[in-house]
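What follows is a short report on a single structure.
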Amino acid sequence: MCLAAAAAALCAFIAPAAAGSGIPEVKAYLNGVDAQNILAPSTLFVKIFGSILGVSAGFVVGKEGPMVHTGACIASLLGQGGSHKYHLTCTWLRYFKNDRDRRDMITCGAAAGVAAAFRAPVGGVLFALEEAASWWRSALLWRTFFTTAVVAIVLRVAIQFCATGKCGLFGEGGLIMYDVSSANITYSASGIFAVLLLGAIAGILGSIYNYLVDKVVRTYSIINGKGAFSKISLVVTIALLTSCCYYFLPWIAKCIRCPSNSTVICPSVDESGDYKSFQCPPGYYNDLASLFLNTNDDAIRNLFSPRIIKEFHITSLFIYFATIYCLGIITYGIAIPSGLFIPVILAGAAYGRLFGRLFETITELDRGLFALLGAASFLGGTMRMTVSLCVILLELTNDLLLLPLVMLVLLVSKSVADSFNKGVYDQILKIKGLPYLEAHAEPYMRNLVTRDVVSGPLITFSGIEKVANILQALNTTGHNGFPVIDEPPFSDSPELCGLVLRSHLLVLLKEKIFSRDRGFANQRIFQRISTLDFGKAGSGKGIKLEDLDIQEEEMDMYVDLHPITNASPYTVVETMSLAKAAILFRQHGLRHMCVVPKSQGRPPVVGILTRHDFMPEHVLGLHPDIMPHKWK
């Protein structure tokens, strides 16, 4: 409870953004959503130490999700040139201060987090490709591969250093964490039927898991919104409940005689043994205590072990599965860094081993292999990933002979679960209100055009604008992009010059690049501003409106916006299909899209589309007569 309270206090008082898995936030950032403080140095600090405290407190959480977030935070810190606040800066890193390079670095960081957590370098690359990144290109592939290769080398060196026992339990099992390669695999029609049934049931259980997690997280968000004390109280309550389950439930289990052919001491005498005696007499062990009162990694190894090494009662497996399933649901959403991988793998392994016991009369597959297939199917049913999970599990277990069966259960469980609801990370994105753009447009968007969703008064600037007008627009709106329109005498007729960003306007206003006459500015004036000043600012380091010191006499002066205007913004005609515009917007990673009129004689810009204009809530709010379920 003390460890849990410490983890909750870190999240409540230092970095609330560090709570949870972090994968949905990283996924949203790589989709173009720059939410507040999700990659800040304080979030990195709390993510590391909060995850250590949370796992040590005995919660049914994993460190894998937080490690993905940790990798992304480190990449962001490097990409923004370090941290001025903490005096960690490096001059050459400033060249990464643009959206694309920083996005690439954070993708590599997420891949490195998976590679370090699972010791699966190829799985990390595929995870970044399948789940994290919204935009992918060939150059990014070899960069993430290089990153995960470095992770694998560093891990190998660290494991060799710790092989003498200097680092506690770190390094157990080498790069292969759960080696099941010794098991004999034989296929039969009845065995494949059992595997298909295993995947189908896991898909149903996974969709129920996601549904309940959605309800619990929504409930916890109300409790957490009441303040830091409520957050810490909830965490301590769940810690007490978890500890009670872990200690009292093993008393139900019966003692089992130690196997005579075991290569390890039975019952175990150290803190991380395979055979926990608990209340049993000498020569016996408690199978339920061997799962509950152990590290998560050792519990998974016990469940994956072949039947000749380890045996579990059916009742013990059912109790463990039900407990981990329920505790995993009620633990996710509390104010600590918590990953979903380990709870799902533990519940899935227990389910698979239990399934193997029930169907052992019709199949020759080992119960340990059923545990692995159960873990794979549960991961597929909750997270809805296929390729990356398949490779991660193969790298974890070192058994290529299982590849066909792992592929089969992942596809079956994902297909079954998709018919009920979305993946757990997609649901968390929706709960947090992050405007994530899907790869495909909603079907009802085909019957709408871009002008149907343009809303609100359009605010534009002239190519040479008054300082007072710019300040008023920045003060009264929260817009980040403004169309720039040239009017006579600077053009024959009103025409769209381009798009200017709020951050670039703030740089000009701070440096006071003004002139008293309404005319084009001398280019030499701009030489006192470095191009790096216009780079993407790090978290909390951008120029704010409050930082400006504009005098009264400067309000009537003029600013030439042409040098900082993007003269080639993406534009679409107002009659273009909204579905096509949404796909174009996402494929090019845009923040703003100008809508231009179809006919002449009208203002050169009809409106601006941002990602919020493509959200189903916005579209259906403007057009409530559309029934989205009819188009599914």
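Ligands are numbered from 1 in the order shown, chains are lettered A, B, ... in the order of the structure tokens, and residues start at 1 in each chain.
By chain and then residue number, the residues within 6 Å of Ile608 (chain A) are A:Met593, A:Cys594, A:Val595, counting only C-alpha atoms and disregarding those fewer than 2 positions away in sequence.
Every protein or nucleic acid residue with an atom no more than 9 Å from region 314-322 of chain A, counting only C-alpha atoms and leaving out same-chain residues fewer than 2 positions away, appears here: Leu249, Pro250, Ile252, Ala253, Lys254, Asp287, Leu288, Leu291, Phe292, Phe312, Ile324, Tyr325, Cys326, Leu327, Leu346, Ala347, Gly348, Ala349, Ala350, Tyr351, Arg353, Leu354, Arg357 and Leu358 of chain A.
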Env of Gly381 (chain A): 10 Å cut, atoms = only C-alpha atoms, seq-sep filter 3 positions within chain, self excluded. Answer as a short mmCIF file (atom, residue, chain, number, x, y, z; two decimals) with C-alpha atoms, in the first residue's frame.
data_model
loop_
_atom_site.label_atom_id
_atom_site.label_comp_id
_atom_site.auth_asym_id
_atom_site.auth_seq_id
_atom_site.Cartn_x
_atom_site.Cartn_y
_atom_site.Cartn_z
CA GLY A 199 -9.59 -18.40 -30.43
CA ALA A 200 -13.34 -17.83 -30.84
CA ILE A 201 -14.04 -17.94 -27.08
CA ALA A 202 -11.01 -15.70 -26.42
CA GLY A 203 -12.40 -13.17 -28.92
CA ILE A 204 -15.68 -13.04 -26.98
CA LEU A 205 -13.87 -12.78 -23.63
CA GLY A 206 -11.58 -10.09 -25.07
CA SER A 207 -14.51 -7.98 -26.28
CA ILE A 208 -16.15 -8.31 -22.83
CA TYR A 209 -12.84 -7.27 -21.27
CA ASN A 210 -12.72 -4.16 -23.45
CA VAL A 344 -3.84 -9.90 -20.65
CA GLY A 348 -4.86 -15.59 -21.45
CA ALA A 375 -2.23 -15.70 -24.28
CA ALA A 376 -1.98 -14.98 -28.03
CA SER A 377 -5.74 -15.21 -28.51
CA PHE A 378 -6.44 -12.93 -25.55
CA ARG A 384 -6.68 -6.34 -32.15
CA MET A 385 -3.11 -6.59 -33.42
CA THR A 386 -1.95 -9.58 -35.46
CA VAL A 409 -5.74 -17.96 -33.03
CA LEU A 410 -4.78 -14.30 -33.51
CA LEU A 411 -6.85 -14.03 -36.69
CA VAL A 412 -9.83 -15.89 -35.23
CA SER A 413 -9.90 -13.97 -31.93
CA LYS A 414 -9.48 -10.59 -33.67
CA SER A 415 -12.21 -11.36 -36.20
CA VAL A 416 -14.67 -12.49 -33.53
CA ALA A 417 -13.92 -9.55 -31.22
CA ASP A 418 -14.16 -6.98 -34.04
CA LYS A 422 -13.16 -1.76 -31.03
CA GLY A 423 -9.72 -2.48 -29.62
CA VAL A 424 -8.92 -1.35 -26.09
#
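Proximity to Thr571 (chain A) at 12 Å, evaluated using only C-alpha atoms and with sequence-adjacent residues fewer than 6 positions away removed, yields A:Thr450, A:Pro483, A:Leu496, A:Cys497, A:Gly498, A:Leu499, A:Ala581, A:Leu584, A:Phe585, A:Leu590, A:His592, A:Met593, A:Cys594, A:Val595, A:Val596, A:Pro597, A:Lys598, A:Pro604, A:Val605, A:Val606, A:Gly607, A:Ile608, A:Leu609.
Counting only C-alpha atoms and comparing A:Gln427, A:Thr186, A:Ser268, A:Ser515, the residue that lies closest to Glu364 (chain A) is A:Thr186.
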